[in-house]
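Below is my_file-v6.cif, which holds mmCIF, C-alpha atoms.
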```cif
data_target
#
loop_
_atom_site.label_atom_id
_atom_site.label_comp_id
_atom_site.auth_asym_id
_atom_site.auth_seq_id
_atom_site.Cartn_x
_atom_site.Cartn_y
_atom_site.Cartn_z
CA MET A 2 -6.84 -5.83 21.54
CA PRO A 3 -3.59 -7.09 19.97
CA SER A 4 -0.39 -5.32 20.98
CA LYS A 5 1.10 -5.54 17.49
CA LEU A 6 -0.03 -5.73 13.89
CA TYR A 7 2.14 -7.23 11.18
CA ILE A 8 1.72 -5.63 7.75
CA ILE A 9 2.78 -7.69 4.74
CA CYS A 10 4.13 -5.12 2.26
CA GLU A 11 4.59 -5.57 -1.47
CA GLY A 12 7.91 -3.76 -1.57
CA GLN A 13 10.45 -1.61 0.21
CA SER A 14 8.52 1.61 -0.45
CA GLU A 15 5.50 0.31 1.42
CA SER A 16 7.66 -1.07 4.23
CA ALA A 17 9.46 2.27 4.59
CA PHE A 18 6.13 4.10 4.71
CA VAL A 19 4.80 1.81 7.44
CA ASN A 20 8.04 1.92 9.40
CA LYS A 21 8.79 5.64 9.08
CA MET A 22 5.29 7.15 9.14
CA LEU A 23 2.36 4.87 9.85
CA CYS A 24 3.97 3.30 12.94
CA GLN A 25 4.28 6.65 14.68
CA TYR A 26 0.84 7.82 13.55
CA VAL A 27 -0.92 4.71 14.87
CA GLY A 28 1.24 4.70 17.99
CA GLU A 29 0.22 8.23 18.88
CA LYS A 30 -3.44 7.59 18.10
CA THR A 31 -3.54 4.44 20.29
CA LYS A 32 -1.28 5.84 23.01
CA TRP A 33 1.32 3.31 21.86
CA GLN A 34 -0.87 0.32 22.66
CA LEU A 35 -0.53 -0.95 19.08
CA ARG A 36 2.81 -1.46 17.33
CA LEU A 37 3.05 -1.96 13.58
CA ILE A 38 5.65 -4.33 12.12
CA PRO A 39 6.21 -4.20 8.34
CA ILE A 40 7.35 -7.32 6.50
CA THR A 41 8.44 -7.12 2.86
CA ILE A 42 7.35 -10.04 0.68
CA THR A 43 10.17 -12.49 -0.09
CA THR A 44 10.26 -13.05 -3.85
CA SER A 45 13.15 -15.49 -4.17
CA THR A 46 16.20 -16.99 -2.48
CA ARG A 47 19.47 -17.71 -4.27
CA LYS A 48 20.31 -21.34 -3.50
CA SER A 49 24.07 -20.96 -3.95
CA SER A 50 24.48 -18.12 -1.47
CA GLY A 51 21.25 -18.12 0.49
CA LYS A 52 20.71 -14.46 -0.39
CA VAL A 53 17.08 -13.40 -0.03
CA PHE A 54 15.43 -11.05 -2.52
CA LYS A 55 12.47 -9.01 -1.38
CA GLY A 56 9.84 -6.83 -3.03
CA GLY A 57 7.28 -7.42 -5.76
CA LEU A 58 4.29 -9.69 -6.04
CA ARG A 59 4.78 -12.14 -8.89
CA ASN A 60 2.09 -14.57 -7.82
CA TYR A 61 -0.48 -15.06 -5.09
CA GLY A 62 1.54 -17.81 -3.44
CA LYS A 63 4.18 -15.27 -2.39
CA ILE A 64 1.84 -13.22 -0.23
CA LYS A 65 -0.10 -16.24 1.01
CA ASN A 66 3.15 -17.77 2.25
CA GLU A 67 3.97 -14.60 4.20
CA LEU A 68 0.44 -14.45 5.64
CA LYS A 69 0.64 -18.09 6.71
CA LYS A 70 3.75 -17.40 8.80
CA ILE A 71 1.88 -14.79 10.87
CA ILE A 72 -1.64 -16.20 10.89
CA THR A 73 -0.54 -19.55 12.31
CA THR A 74 0.93 -17.74 15.33
CA GLY A 75 -2.40 -16.09 16.15
CA GLU A 76 -1.04 -12.56 15.67
CA ALA A 77 -2.96 -9.79 13.90
CA VAL A 78 -1.93 -9.14 10.29
CA SER A 79 -2.78 -6.85 7.41
CA THR A 80 -1.51 -6.29 3.87
CA MET A 81 -0.36 -3.31 1.82
CA ILE A 82 -0.21 -4.34 -1.83
CA ASP A 83 -0.96 -2.54 -5.10
CA TYR A 84 -4.00 -3.14 -7.27
CA TYR A 85 -1.86 -2.11 -10.24
CA GLY A 86 0.01 -5.16 -11.50
CA LEU A 87 -1.79 -7.61 -9.23
CA PRO A 88 -1.09 -11.22 -10.38
CA SER A 89 -3.92 -12.95 -12.24
CA ASP A 90 -3.97 -15.94 -9.85
CA PHE A 91 -5.09 -13.69 -6.97
CA PRO A 92 -8.39 -14.82 -5.35
CA GLY A 93 -11.38 -13.26 -7.12
CA TYR A 94 -9.31 -11.92 -10.04
CA ASN A 95 -11.28 -13.86 -12.65
CA GLU A 96 -14.52 -12.23 -11.50
CA LEU A 97 -13.39 -8.60 -11.87
CA LYS A 98 -15.36 -8.12 -15.09
CA LYS A 99 -18.54 -8.17 -13.01
CA PHE A 100 -17.58 -4.86 -11.41
CA TYR A 101 -17.51 -1.45 -13.08
CA THR A 102 -15.56 0.81 -10.71
CA SER A 103 -12.02 0.30 -9.46
CA ILE A 104 -13.06 0.63 -5.83
CA ASP A 105 -15.66 -2.13 -6.24
CA LYS A 106 -13.03 -4.35 -7.87
CA VAL A 107 -10.56 -3.75 -5.05
CA LYS A 108 -13.15 -4.42 -2.35
CA HIS A 109 -14.10 -7.64 -4.13
CA LEU A 110 -10.44 -8.72 -4.20
CA GLU A 111 -9.99 -7.90 -0.51
CA LYS A 112 -13.09 -9.90 0.39
CA SER A 113 -11.90 -12.80 -1.78
CA LEU A 114 -8.52 -12.76 -0.05
CA LEU A 115 -10.20 -12.74 3.36
CA ASN A 116 -12.44 -15.67 2.41
CA ASP A 117 -9.55 -17.67 0.98
CA ILE A 118 -7.52 -17.29 4.17
CA LEU A 119 -10.44 -17.95 6.54
CA LYS A 120 -11.40 -21.04 4.54
CA GLU A 121 -7.95 -22.54 5.06
CA TYR A 122 -7.35 -21.24 8.58
CA SER A 123 -10.75 -21.45 10.25
CA ASN A 124 -9.37 -20.65 13.72
CA VAL A 125 -8.28 -17.14 12.68
CA LYS A 126 -10.12 -14.31 14.38
CA LYS A 127 -11.80 -12.39 11.56
CA ASP A 128 -10.91 -9.00 13.02
CA PHE A 129 -7.26 -10.05 13.29
CA PHE A 130 -6.87 -10.18 9.51
CA ILE A 131 -7.32 -6.91 7.61
CA PRO A 132 -6.77 -7.30 3.84
CA TYR A 133 -5.82 -4.03 2.18
CA ILE A 134 -5.14 -3.36 -1.50
CA GLN A 135 -3.94 0.12 -2.45
CA LEU A 136 -5.85 1.90 -5.19
CA HIS A 137 -4.12 1.95 -7.69
CA GLU A 138 -0.64 1.79 -6.20
CA PHE A 139 1.40 3.11 -3.30
CA GLU A 140 2.44 6.27 -5.16
CA THR A 141 -1.21 7.34 -5.17
CA LEU A 142 -0.62 8.75 -1.70
CA PHE A 143 1.78 11.39 -3.06
CA PHE A 144 -1.10 12.92 -5.00
CA SER A 145 -2.91 13.71 -1.74
CA ASP A 146 -0.84 16.90 -1.57
CA LEU A 147 1.49 16.82 -4.55
CA LEU A 148 2.79 20.38 -4.21
CA LYS A 149 4.36 19.47 -0.86
CA LEU A 150 7.01 17.61 -2.87
CA LYS A 151 8.43 21.01 -3.82
CA ASP A 152 9.78 21.16 -0.25
CA PHE A 153 11.94 18.11 -1.07
CA TYR A 154 12.72 18.42 -4.79
CA LEU A 155 14.34 21.85 -4.93
CA GLU A 156 15.80 22.07 -8.43
CA ILE A 157 14.02 24.63 -10.62
CA GLU A 158 13.18 22.07 -13.30
CA GLU A 159 11.79 19.70 -10.67
CA GLN A 160 9.67 22.47 -9.19
CA LYS A 161 8.23 23.28 -12.61
CA ALA A 162 7.57 19.60 -13.33
CA ILE A 163 5.71 19.19 -10.04
CA ASP A 164 3.58 22.24 -10.82
CA LYS A 165 2.79 20.81 -14.25
CA LEU A 166 1.88 17.41 -12.81
CA ALA A 167 -0.32 19.06 -10.17
CA ASN A 168 -2.16 20.95 -12.91
CA GLU A 169 -2.60 17.79 -14.98
CA THR A 170 -4.17 15.92 -12.07
CA GLU A 171 -6.12 18.80 -10.54
CA GLY A 172 -9.66 17.76 -9.67
CA MET A 173 -8.80 14.06 -9.80
CA SER A 174 -9.25 11.95 -6.70
CA PRO A 175 -5.81 10.43 -5.98
CA GLU A 176 -7.23 6.92 -5.78
CA GLU A 177 -8.88 7.34 -9.17
CA ILE A 178 -5.70 8.24 -11.06
CA ASN A 179 -5.70 5.44 -13.61
CA ASN A 180 -3.48 2.40 -13.79
CA GLY A 181 -2.27 2.58 -17.38
CA PHE A 182 1.32 1.60 -18.12
CA GLU A 183 2.34 5.23 -18.72
CA THR A 184 -0.27 6.98 -16.57
CA ALA A 185 -0.08 5.11 -13.28
CA PRO A 186 0.90 7.34 -10.33
CA SER A 187 4.47 6.01 -10.19
CA LYS A 188 4.97 6.56 -13.92
CA ARG A 189 3.66 10.12 -13.70
CA LEU A 190 6.09 10.85 -10.85
CA ALA A 191 9.02 9.26 -12.65
CA HIS A 192 8.39 11.43 -15.72
CA ALA A 193 8.31 14.57 -13.58
CA ILE A 194 11.06 14.16 -10.98
CA ASN A 195 14.05 12.03 -10.02
CA TYR A 196 11.80 9.58 -8.25
CA HIS A 197 13.01 6.17 -7.11
CA LYS A 198 11.05 3.44 -5.41
CA GLY A 199 12.51 1.84 -2.31
CA LYS A 200 13.66 2.73 1.17
CA THR A 201 14.54 6.33 0.26
CA ILE A 202 10.88 7.12 -0.36
CA ALA A 203 10.37 8.09 3.28
CA GLY A 204 12.05 11.49 2.78
CA PRO A 205 9.66 13.01 0.24
CA MET A 206 6.68 11.10 1.63
CA LYS A 207 7.11 12.73 5.05
CA LYS A 208 6.29 16.08 3.48
CA ILE A 209 2.68 14.88 3.21
CA ASN A 210 0.99 14.05 6.50
CA ILE A 211 -1.20 11.01 6.97
CA ASP A 212 -4.26 13.02 7.93
CA LYS A 213 -4.11 14.66 4.48
CA MET A 214 -3.82 11.22 2.87
CA ARG A 215 -6.85 10.05 4.80
CA GLU A 216 -8.80 13.13 3.75
CA ARG A 217 -8.07 12.68 0.04
CA CYS A 218 -8.01 8.86 -0.19
CA PRO A 219 -11.23 7.27 1.18
CA HIS A 220 -10.13 3.65 0.78
CA PHE A 221 -6.81 4.31 2.49
CA ASN A 222 -8.76 6.06 5.24
CA GLU A 223 -10.99 2.99 5.72
CA TRP A 224 -7.88 0.87 6.19
CA VAL A 225 -6.42 3.20 8.81
CA GLU A 226 -9.78 3.24 10.61
CA LYS A 227 -9.77 -0.55 10.77
CA ILE A 228 -6.22 -0.57 12.15
CA LEU A 229 -7.13 1.97 14.83
CA GLY A 230 -10.27 -0.05 15.56
CA LEU A 231 -8.17 -2.96 16.72
#
```
Kindly transcribe the structure held in the file into structure tokens.
Amino acid sequence: MPSKLYIICEGQSESAFVNKMLCQYVGEKTKWQLRLIPITITTSTRKSSGKVFKGGLRNYGKIKNELKKIITTGEAVSTMIDYYGLPSDFPGYNELKKFYTSIDKVKHLEKSLLNDILKEYSNVKKDFFIPYIQLHEFETLFFSDLLKLKDFYLEIEEQKAIDKLANETEGMSPEEINNGFETAPSKRLAHAINYHKGKTIAGPMKKINIDKMRERCPHFNEWVEKILGL
């Protein structure tokens, strides 16, 4: 069993979630035998100053470069990236038309990513690489228990907007909330409340516990199971 698992995160929101919530959850479940280390994808570096910009997945090469850094050391690694907005050069992307449901498409992409990495790095232990793509995006997890956000967003108008959003999505599985430009989970939240992506996401997210996320989001639950299975 590895003592640590690196998680390559698409942005600061995902990194904050791993660092502020998932680390403790997995630590408690494994009696602190497994430590999670989030790494935000590097998108660019300014040559003049050397400043590094992180967050976002503009092309497959960005995440593959981050994976290479970890895989070549023999450490265990996973990913936390969004299906929504995935770049078209991602492994298996051109074959998505063969699949009807979003979950089948995501599982195909995860398998394609695994195969691409194992093909290039044949000495990698298969169980030490856990590809994970969030259906449809990170903000999906808020919809596991949306009304809990009323404990964080206290303004009357925000409370009403959360109630309205909860009613609009009632009966929908969080992972099946669609990925349209105006109807993706993040866009729905932004229309309802003063929601900002980034490091500050940990505050409202902590109102929803991970067990509830696992209960409402089967694909997310599968990922957590694999992590605990290490």
Review point. Between A:Leu142, A:Val125, A:Leu150, A:Ile228, which is the closest to Lys69 of chain A once you count all atoms listed in the file?
Key: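 Looking at the shortest contact to Lys69 of chain A, the residue is A:Val125.
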Picked residues, the PyMOL selection byres ((chain A and resi 187) around 10), expected as a compact mmCIF listing (two decimals) with C-alpha atoms, in the coordinates of the input:
```
# COMPACT_ATOMS: atom_id res chain seq x y z
CA HIS A 137 -4.12 1.95 -7.69
CA GLU A 138 -0.64 1.79 -6.20
CA PHE A 139 1.40 3.11 -3.30
CA GLU A 140 2.44 6.27 -5.16
CA THR A 141 -1.21 7.34 -5.17
CA PHE A 143 1.78 11.39 -3.06
CA ASN A 180 -3.48 2.40 -13.79
CA PHE A 182 1.32 1.60 -18.12
CA GLU A 183 2.34 5.23 -18.72
CA THR A 184 -0.27 6.98 -16.57
CA ALA A 185 -0.08 5.11 -13.28
CA PRO A 186 0.90 7.34 -10.33
CA LYS A 188 4.97 6.56 -13.92
CA ARG A 189 3.66 10.12 -13.70
CA LEU A 190 6.09 10.85 -10.85
CA ALA A 191 9.02 9.26 -12.65
CA HIS A 192 8.39 11.43 -15.72
CA ALA A 193 8.31 14.57 -13.58
CA TYR A 196 11.80 9.58 -8.25
CA HIS A 197 13.01 6.17 -7.11
CA LYS A 198 11.05 3.44 -5.41
```
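The shortest atom-to-atom distance to Leu166 of chain A, with only C-alpha atoms taken into account, belongs to A:Leu147 out of A:Ile9, A:Ile72, A:Ile178, A:Leu147.
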Review point. Using only C-alpha atoms, which of the listed residues (A:Glu76, A:Asp146, A:Glu15, A:Asp164) sits closest to Asp212 of chain A?
Key: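 Distance minimum relative to Asp212 of chain A lands on A:Asp146.
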Point to revise | Proximity to Ile82 of chain A - best of A:Met214, A:Leu58, A:Ala167, A:Leu115, all atoms listed in the file | key: A:Leu58
**Study point:** Separation of atom CA of Val107 of chain A from atom CA of Leu136 of chain A, in Å and rounded to one decimal
**Key:**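 Between atom CA of Val107 of chain A and atom CA of Leu136 of chain A the gap is 7.4 Å.
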Exercise for review: Calculate how many Å separate atom CA of Met81 of chain A from atom CA of Lys165 of chain A, rounding to one decimal.
Suggested key: 29.2 Å
Practice item. Excluding Lys21 of chain A and residues on its chain fewer than 3 positions from it, collect all residues at most 12 Å away from it, counting all atoms listed in the file, and give them as a list in words. Key: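 Near neighbours after the sequence-gap exclusion: Gln13, Ser14, Glu15, Ser16, Ala17, Phe18, Cys24, Gln25, Tyr26, Val27, Gly28, Leu37, Ile38, Pro39, Lys200, Thr201, Ile202, Ala203, Gly204, Pro205, Met206, Lys207, Asn210 and Ile211 of chain A.
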Check your understanding: Given the choices A:Lys208, A:Ile42, A:Glu121, A:Lys126, which gets closest to Asn66 of chain A if the distance is worked out from all atoms listed in the file?
Key ->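 Closest residue, counting all atoms listed in the file: A:Ile42.
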**Study point:** Result set, the PyMOL selection byres ((chain A and resi 219) around 12) on current file, as JSON, numbers by chain
**Key:** {"A": [104, 135, 136, 141, 142, 145, 174, 175, 176, 177, 212, 213, 214, 215, 216, 217, 218, 220, 221, 222, 223, 224, 225, 226]}
Taking the file as I've supplied it (selection: the PyMOL selection byres ((chain A and resi 2) around 8)), which residues are included? Please answer as a JSON list (two decimals) with C-alpha atoms, in the frame of the given file.
```json
[["chain", "number", "residue", "atom", "x", "y", "z"],
["A", 3, "PRO", "CA", -3.59, -7.09, 19.97],
["A", 4, "SER", "CA", -0.39, -5.32, 20.98],
["A", 231, "LEU", "CA", -8.17, -2.96, 16.72]]
```
**Study point:** Residue with smallest distance to Phe91 of chain A - pool A:Asn195, A:Asn179, A:Asn60, A:Ser123, counting all atoms listed in the file
**Key:**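 Counting all atoms listed in the file, the residue closest to Phe91 of chain A is A:Asn60.
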Check your understanding: So how many Å separate atom CA of Thr73 of chain A and atom CA of Asn20 of chain A, to one decimal?
Key ->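 About the pair atom CA of Thr73 of chain A and atom CA of Asn20 of chain A: they are 23.3 Å apart.
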Review point. If I put a ball of radius 9 Å at (-2.9, -16.2, -10.0) in the file's coordinates, which residues poke into it when counting only C-alpha atoms, written as a list in words?
Key: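 The distance filter leaves exactly Arg59, Asn60, Tyr61, Gly62, Leu87, Pro88, Ser89, Asp90, Phe91, Pro92 and Tyr94 of chain A.
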Any chance you could work out the axis-aligned box around segment 161-174 of chain A, listed atoms only, 8 Å on each side, giving centre and edge lengths in Å to one decimal, as AutoDock Vina command-line options?
```
--center_x -0.7 --center_y 17.6 --center_z -10.8 --size_x 33.9 --size_y 27.3 --size_z 24.3
```
